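input07.cif follows; it contains mmCIF, C-alpha atoms and all ligand atoms.
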data_structure
#
loop_
_atom_site.label_atom_id
_atom_site.label_comp_id
_atom_site.auth_asym_id
_atom_site.auth_seq_id
_atom_site.Cartn_x
_atom_site.Cartn_y
_atom_site.Cartn_z
CA MET A 248 42.78 141.01 268.94
CA PRO A 249 43.23 139.45 272.37
CA SER A 250 45.47 141.58 274.61
CA ASP A 251 46.56 138.58 276.73
CA LEU A 252 48.97 137.22 274.12
CA SER A 253 52.50 136.18 275.08
CA PRO A 254 55.21 138.75 274.14
CA ILE A 255 56.36 136.56 271.24
CA ASP A 256 52.84 136.27 269.83
CA LYS A 257 52.36 140.04 270.23
CA ALA A 258 55.59 140.52 268.27
CA LYS A 259 54.41 138.22 265.48
CA PHE A 260 50.96 139.82 265.47
CA VAL A 261 52.16 143.42 265.15
CA ALA A 262 54.59 142.45 262.38
CA ALA A 263 51.70 140.77 260.52
CA LYS A 264 49.38 143.72 261.17
CA LYS A 265 51.95 146.17 259.78
CA ALA A 266 52.39 143.97 256.68
CA THR A 267 48.70 144.31 255.82
CA GLU A 268 49.35 148.02 255.13
CA PHE A 269 51.18 146.92 251.96
CA VAL A 270 48.15 144.96 250.69
CA GLN A 271 45.66 146.68 248.38
CA SER A 272 42.34 145.60 246.92
CA GLY A 273 42.72 143.71 243.66
CA MET A 274 46.12 142.23 244.56
CA LYS A 275 47.17 138.62 244.19
CA ILE A 276 49.04 137.74 247.38
CA GLY A 277 51.36 134.82 248.20
CA LEU A 278 50.47 133.57 251.67
CA GLY A 279 53.36 132.12 253.68
CA THR A 280 53.44 129.23 256.12
CA GLY A 281 54.14 129.06 259.86
CA SER A 282 52.92 130.71 263.05
CA THR A 283 53.80 134.28 261.99
CA ALA A 284 52.25 133.85 258.55
CA ALA A 285 49.14 132.44 260.24
CA TRP A 286 48.67 135.80 262.02
CA LEU A 287 48.94 137.51 258.64
CA VAL A 288 46.27 135.25 257.14
CA GLN A 289 43.98 136.00 260.09
CA CYS A 290 44.54 139.77 259.79
CA LEU A 291 43.84 139.63 256.03
CA GLY A 292 40.71 137.55 256.65
CA GLU A 293 39.48 140.24 259.03
CA LEU A 294 40.02 142.95 256.38
CA VAL A 295 38.20 140.82 253.79
CA ARG A 296 35.23 140.28 256.11
CA ASP A 297 34.98 143.68 257.80
CA GLU A 298 36.40 146.16 255.29
CA GLY A 299 35.62 144.60 251.92
CA LEU A 300 39.26 144.01 250.95
CA ARG A 301 39.29 142.08 247.66
CA ILE A 302 42.33 139.84 247.27
CA LYS A 303 43.18 136.45 245.84
CA GLY A 304 45.59 134.35 247.88
CA VAL A 305 48.08 131.75 246.71
CA PRO A 306 48.94 129.62 249.76
CA THR A 307 52.37 128.04 250.19
CA SER A 308 51.13 124.91 251.97
CA SER A 309 48.01 122.86 252.53
CA ARG A 310 47.92 124.21 256.14
CA THR A 311 47.83 127.80 254.93
CA ALA A 312 45.27 126.98 252.24
CA GLN A 313 42.95 125.56 254.89
CA LEU A 314 43.34 128.57 257.19
CA ALA A 315 42.90 131.06 254.33
CA ARG A 316 39.62 129.41 253.29
CA GLU A 317 38.44 129.33 256.92
CA VAL A 318 38.94 133.10 257.31
CA GLY A 319 37.23 133.90 253.99
CA ILE A 320 40.15 134.60 251.64
CA GLU A 321 39.62 133.49 248.04
CA VAL A 322 42.26 130.85 247.32
CA ILE A 323 43.68 130.28 243.84
CA SER A 324 46.61 128.20 242.59
CA LEU A 325 49.88 129.73 241.42
CA ASP A 326 49.15 128.49 237.91
CA GLU A 327 45.85 130.38 237.96
CA ALA A 328 47.53 133.51 239.33
CA LYS A 329 50.60 133.21 237.06
CA TRP A 330 52.28 136.17 238.79
CA LEU A 331 51.74 137.78 242.19
CA ASP A 332 51.87 141.37 243.41
CA LEU A 333 53.28 140.48 246.79
CA THR A 334 54.22 137.51 248.98
CA ILE A 335 54.26 137.83 252.76
CA ASP A 336 55.90 135.03 254.74
CA GLY A 337 57.74 134.27 257.96
CA THR A 338 61.36 133.16 258.29
CA ASP A 339 63.63 131.13 260.53
CA GLU A 340 66.58 133.50 260.16
CA TYR A 341 67.37 136.72 258.30
CA ASP A 342 70.65 138.59 257.99
CA ASN A 343 71.57 142.23 257.28
CA ASN A 344 71.28 141.67 253.52
CA LEU A 345 67.77 140.22 254.04
CA ASN A 346 68.93 136.76 253.00
CA LEU A 347 66.98 134.04 254.75
CA ILE A 348 66.87 130.50 256.05
CA LYS A 349 63.36 129.12 255.67
CA GLY A 350 61.75 125.71 255.86
CA GLY A 351 61.41 125.16 259.59
CA GLY A 352 57.81 124.34 258.75
CA GLY A 353 58.86 122.14 255.83
CA ALA A 354 57.22 124.36 253.19
CA HIS A 355 60.26 126.12 251.69
CA LEU A 356 59.87 124.54 248.23
CA GLN A 357 56.44 126.04 247.61
CA GLU A 358 57.44 129.19 249.53
CA LYS A 359 60.46 129.78 247.27
CA ILE A 360 58.47 129.22 244.07
CA VAL A 361 55.70 131.56 245.21
CA ALA A 362 58.04 134.30 246.50
CA THR A 363 60.10 134.17 243.30
CA ALA A 364 56.92 134.60 241.24
CA SER A 365 56.08 137.85 243.06
CA ASP A 366 56.88 141.50 242.40
CA GLN A 367 57.85 141.80 246.05
CA MET A 368 58.50 139.58 249.08
CA ILE A 369 57.93 140.91 252.59
CA VAL A 370 59.12 138.84 255.53
CA ILE A 371 57.44 139.20 258.91
CA ALA A 372 59.36 138.15 261.99
CA ASP A 373 59.98 138.61 265.68
CA ALA A 374 63.38 139.94 266.71
CA THR A 375 64.77 136.48 267.57
CA LYS A 376 65.02 135.73 263.84
CA LYS A 377 67.72 138.35 263.18
CA VAL A 378 71.29 136.97 262.91
CA GLY A 379 74.70 138.35 261.99
CA THR A 380 75.52 135.27 259.89
CA LEU A 381 73.07 132.62 258.70
CA GLY A 382 73.44 129.03 259.86
CA ALA A 383 72.62 128.61 263.56
CA PHE A 384 69.18 127.38 262.48
CA PRO A 385 69.56 123.98 260.75
CA LEU A 386 69.25 124.46 256.99
CA PRO A 387 66.31 122.47 255.56
CA VAL A 388 66.90 120.64 252.28
CA GLU A 389 63.97 118.91 250.58
CA VAL A 390 64.99 115.59 248.96
CA ILE A 391 62.99 113.02 247.05
CA PRO A 392 62.33 109.81 249.01
CA PHE A 393 64.04 107.60 246.38
CA GLY A 394 67.64 107.08 247.53
CA TRP A 395 67.43 109.78 250.19
CA GLN A 396 70.27 108.17 252.14
CA THR A 397 72.52 108.48 249.09
CA SER A 398 71.52 112.14 248.73
CA LYS A 399 72.32 112.62 252.43
CA THR A 400 75.81 111.12 251.97
CA LEU A 401 76.44 113.23 248.86
CA ILE A 402 75.35 116.38 250.72
CA GLU A 403 77.63 115.65 253.69
CA GLU A 404 80.60 114.95 251.38
CA THR A 405 79.92 118.20 249.54
CA LEU A 406 79.79 120.16 252.80
CA ILE A 407 83.41 119.18 253.58
CA GLY A 408 84.56 121.55 250.82
CA MET A 409 82.21 124.40 251.76
CA ASP A 410 82.60 127.43 254.03
CA VAL A 411 80.51 126.02 256.90
CA LEU A 412 81.29 125.06 260.49
CA GLY A 413 79.30 121.79 260.67
CA GLN A 414 78.81 118.99 258.15
CA THR A 415 76.18 116.69 259.63
CA SER A 416 72.55 116.28 258.63
CA THR A 417 69.49 114.59 260.07
CA LEU A 418 66.33 113.28 258.48
CA ARG A 419 63.37 115.27 259.77
CA MET A 420 60.88 113.01 261.54
CA ASN A 421 57.17 113.22 262.26
CA GLY A 422 56.87 110.92 265.27
CA ASP A 423 58.29 107.55 264.21
CA ALA A 424 58.05 108.18 260.46
CA PRO A 425 60.00 110.52 258.16
CA TYR A 426 58.35 113.92 257.72
CA VAL A 427 56.58 114.16 254.36
CA THR A 428 56.19 117.53 252.61
CA ASP A 429 53.14 118.65 250.62
CA GLU A 430 55.04 117.45 247.53
CA GLY A 431 55.57 113.97 249.02
CA ASN A 432 59.29 114.49 249.74
CA HIS A 433 61.51 114.27 252.83
CA VAL A 434 63.53 117.01 254.56
CA LEU A 435 67.16 116.79 255.65
CA ASP A 436 68.18 119.38 258.25
CA LEU A 437 71.82 120.46 257.81
CA HIS A 438 73.62 121.38 261.04
CA LEU A 439 76.06 123.96 259.71
CA ASN A 440 76.28 126.41 262.66
CA ARG A 441 77.69 129.12 260.40
CA ILE A 442 77.32 129.60 256.64
CA GLY A 443 80.23 131.66 255.26
CA ASN A 444 78.98 131.89 251.66
CA ALA A 445 75.22 131.32 251.50
CA ARG A 446 74.89 132.14 247.80
CA GLN A 447 77.51 129.55 246.81
CA LEU A 448 76.10 126.92 249.18
CA SER A 449 72.60 127.36 247.78
CA LEU A 450 73.80 126.85 244.20
CA VAL A 451 75.95 123.83 245.06
CA LEU A 452 73.27 122.04 247.12
CA ASN A 453 70.73 122.29 244.31
CA GLN A 454 73.16 120.48 241.96
CA ILE A 455 73.17 117.31 244.09
CA PRO A 456 71.01 114.47 242.66
CA GLY A 457 67.88 113.96 244.75
CA VAL A 458 67.86 117.51 246.13
CA VAL A 459 64.68 119.37 245.19
CA GLU A 460 65.27 122.70 246.95
CA ASN A 461 67.16 124.16 249.89
CA GLY A 462 65.88 126.71 252.40
CA LEU A 463 68.29 129.55 251.55
CA PHE A 464 66.48 132.56 250.08
CA ILE A 465 69.14 134.74 248.48
CA ASP A 466 68.19 138.13 247.00
CA ILE A 467 64.49 137.24 247.14
CA CYS A 468 63.27 139.26 250.14
CA ASP A 469 62.71 143.01 249.69
CA LYS A 470 61.54 144.04 253.17
CA VAL A 471 61.63 142.60 256.67
CA ILE A 472 59.02 143.76 259.16
CA VAL A 473 60.21 142.91 262.65
CA GLY A 474 57.82 143.07 265.58
CA TYR A 475 58.55 143.36 269.31
CA GLY A 476 56.55 142.21 272.31
CA ASP A 477 55.90 145.82 273.41
CA GLY A 478 54.17 146.68 270.12
CA ARG A 479 57.14 148.30 268.34
CA VAL A 480 57.57 147.49 264.66
CA GLU A 481 60.51 148.20 262.35
CA VAL A 482 60.39 147.98 258.58
CA GLN A 483 63.76 147.37 256.95
CA ASP A 484 63.81 147.86 253.18
CA ILE A 485 66.74 146.45 251.18
CA ASN A 486 66.38 149.11 248.47
CA ALA A 487 65.59 152.19 250.59
CA GLY A 488 68.32 151.29 253.11
CA GLU A 489 66.36 152.91 255.93
CA VAL A 490 64.35 151.63 258.87
CA GLU A 491 60.79 152.93 259.43
CA LYS A 492 59.61 152.69 263.05
CA THR A 493 56.02 152.39 264.27
CA ARG A 494 54.46 151.45 267.57
CA PHE A 495 51.16 149.63 268.06
CA ASP A 496 49.35 150.09 271.34
CA PHE A 497 46.93 147.44 272.51
CA LEU A 498 43.71 149.19 273.57
CA ASP A 499 41.28 147.88 276.18
CA ASP A 500 38.62 147.18 273.55
CA GLY A 501 41.02 144.76 271.81
CA ASN A 502 41.70 147.21 268.97
CA LEU A 503 45.09 148.57 268.01
CA PHE A 504 46.34 152.14 267.79
CA SER A 505 49.41 152.77 265.66
CA ASP A 506 51.81 155.66 266.03
CA ASP A 507 54.53 156.63 263.55
CA MET A 508 57.73 157.01 265.62
CA GLN A 509 59.62 159.11 263.07
C1 LIG A 601 57.90 127.33 256.92
C2 LIG A 601 58.74 128.52 257.13
C3 LIG A 601 58.32 129.49 258.20
O1 LIG A 601 58.12 130.72 257.63
C4 LIG A 601 59.39 129.56 259.25
O2 LIG A 601 59.61 128.25 259.75
C5 LIG A 601 59.00 130.51 260.38
O3 LIG A 601 57.93 129.98 261.08
P1 LIG A 601 57.33 130.71 262.37
O4 LIG A 601 56.69 131.96 261.88
O5 LIG A 601 56.35 129.71 262.94
O6 LIG A 601 58.47 130.98 263.31
O7 LIG A 601 59.74 128.75 256.50
O8 LIG A 601 58.48 126.47 255.97
#

Take the structure from the file and write it as structure tokens.
Ligand code: 5RP
Amino acid sequence: MPSDLSPIDKAKFVAAKKATEFVQSGMKIGLGTGSTAAWLVQCLGELVRDEGLRIKGVPTSSRTAQLAREVGIEVISLDEAKWLDLTIDGTDEYDNNLNLIKGGGGAHLQEKIVATASDQMIVIADATKKVGTLGAFPLPVEVIPFGWQTSKTLIEETLIGMDVLGQTSTLRMNGDAPYVTDEGNHVLDLHLNRIGNARQLSLVLNQIPGVVENGLFIDICDKVIVGYGDGRVEVQDINAGEVEKTRFDFLDDGNLFSDDMQ
């Protein structure tokens, strides 16, 4: 573990490191996508290599699948796994009820399927992801390429009747071409600013023809592990209703020392 990481990377790293404490040998684990989830995959790879941890991973994107294989994690498909013990993933936003906006990395379709097929979902995040109300981060909606402009119009018309502050959307681009997901679809980013009723919005969006899945994760996440740049970690559990606090210290030899703060 390099000690010269930026504060934000330290925050992501300690959140990921703490999450590995919930992983046991023999488990089937959903592996999230994004920069925070990448730390998790690296930490798990280290445990597989150095401590003989035996896990099977179901990646939520082709990027994560590649990284998982590189670090020595056995990769299986969701259909092979059928059901997972635990999914660990990052997020773009989370609120007090542990509802999420995901899909900044364009992988929310696979992420939602994998998390929903798990006994438990743990989100790992830095403190910038916490919000009072969801919606400042543009809400990703995966749409099929056929007639995507019609889907866009239908979504914007639908938003007029919803409890949101903005009603515009933009097609996500990759350079000069539309972004293409692992499933061959496009992503519309909805600029809502504030989502008053996320549960209702999620249900309504998924009724619109052409929409495959939106990035709202409602009642899916069980725990959020939030990391800070100084090594502090907090675990918020939706069922326990309490926050566990730990602190990781970065030692000179690159190892970590953890201290229960309660
Ligand atoms: C990808 C996601 C990511 O989890 C989300 O975008 C957070 O990414 P990062 O950890 O890089 O901030 O939902 O679809």

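Near ligand LIG 601 (chain A), at distances of 6 Å or less and with only C-alpha atoms and all ligand atoms counted, sit the residues Thr280, Gly281, Ser282, Thr283, Ala284, Asp336, Gly337, Thr338, Asp339, Lys349, Gly350, Gly351, Gly352, Gly353, Ala354 and His355 of chain A.
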
Neighbour list for segment 265-270 of chain A as a ChimeraX atom specification, cut-off 10 Å, only C-alpha atoms, skip fewer than 4 positions in-chain: /A:260-261,274-276,287-288,290-291,294,300-302,332-336,369-371,470-474,480-482,493-495,505

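Near Gly413 of chain A, within a cut-off of 8 Å and counting only C-alpha atoms, sit the residues His438, Leu439, Asn440 and Arg441 of chain A, with same-chain residues fewer than 3 positions away left out.
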
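Of the listed residues A:Ala262, A:Ile465, A:Lys376, A:Glu491, the one whose atoms come nearest to Asp507 of chain A is A:Glu491, with distances taken using all atoms listed in the file.
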
Atomic separation - atom CA of Ser365 of chain A relative to atom CA of Asn343 of chain A, Å: 21.5 Å

Nearest-residue call for Ala364 of chain A, choices A:Ile442, A:Met420, A:Leu252, A:Val305, using only C-alpha atoms: A:Val305

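Each of A:Ala312, A:Ala445, A:Ala372, A:Val451 was compared to Leu401 of chain A using only C-alpha atoms, and A:Val451 turns out to be the nearest.
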
Shell of 10 Å around Gln289 of chain A, only C-alpha atoms, local chain residues under 3 positions omitted, as a list in words: Phe260, Ala263, Lys264, Ala284, Ala285, Trp286, Gly292, Glu293, Leu294, Val295, Leu314, Ala315, Glu317, Val318, Gly319 and Ile320 of chain A

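Counting only C-alpha atoms and comparing A:Asp466, A:Asp410, A:Asp496, A:Asp373, the residue that lies closest to Lys259 of chain A is A:Asp373.
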
Between atom CA of Asp469 of chain A and atom CA of Asn344 of chain A, distance in Å (one decimal): 9.5 Å

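The interatomic distance for the pair atom CA of Ser324 of chain A and atom CA of Asn453 of chain A works out to 24.9 Å.
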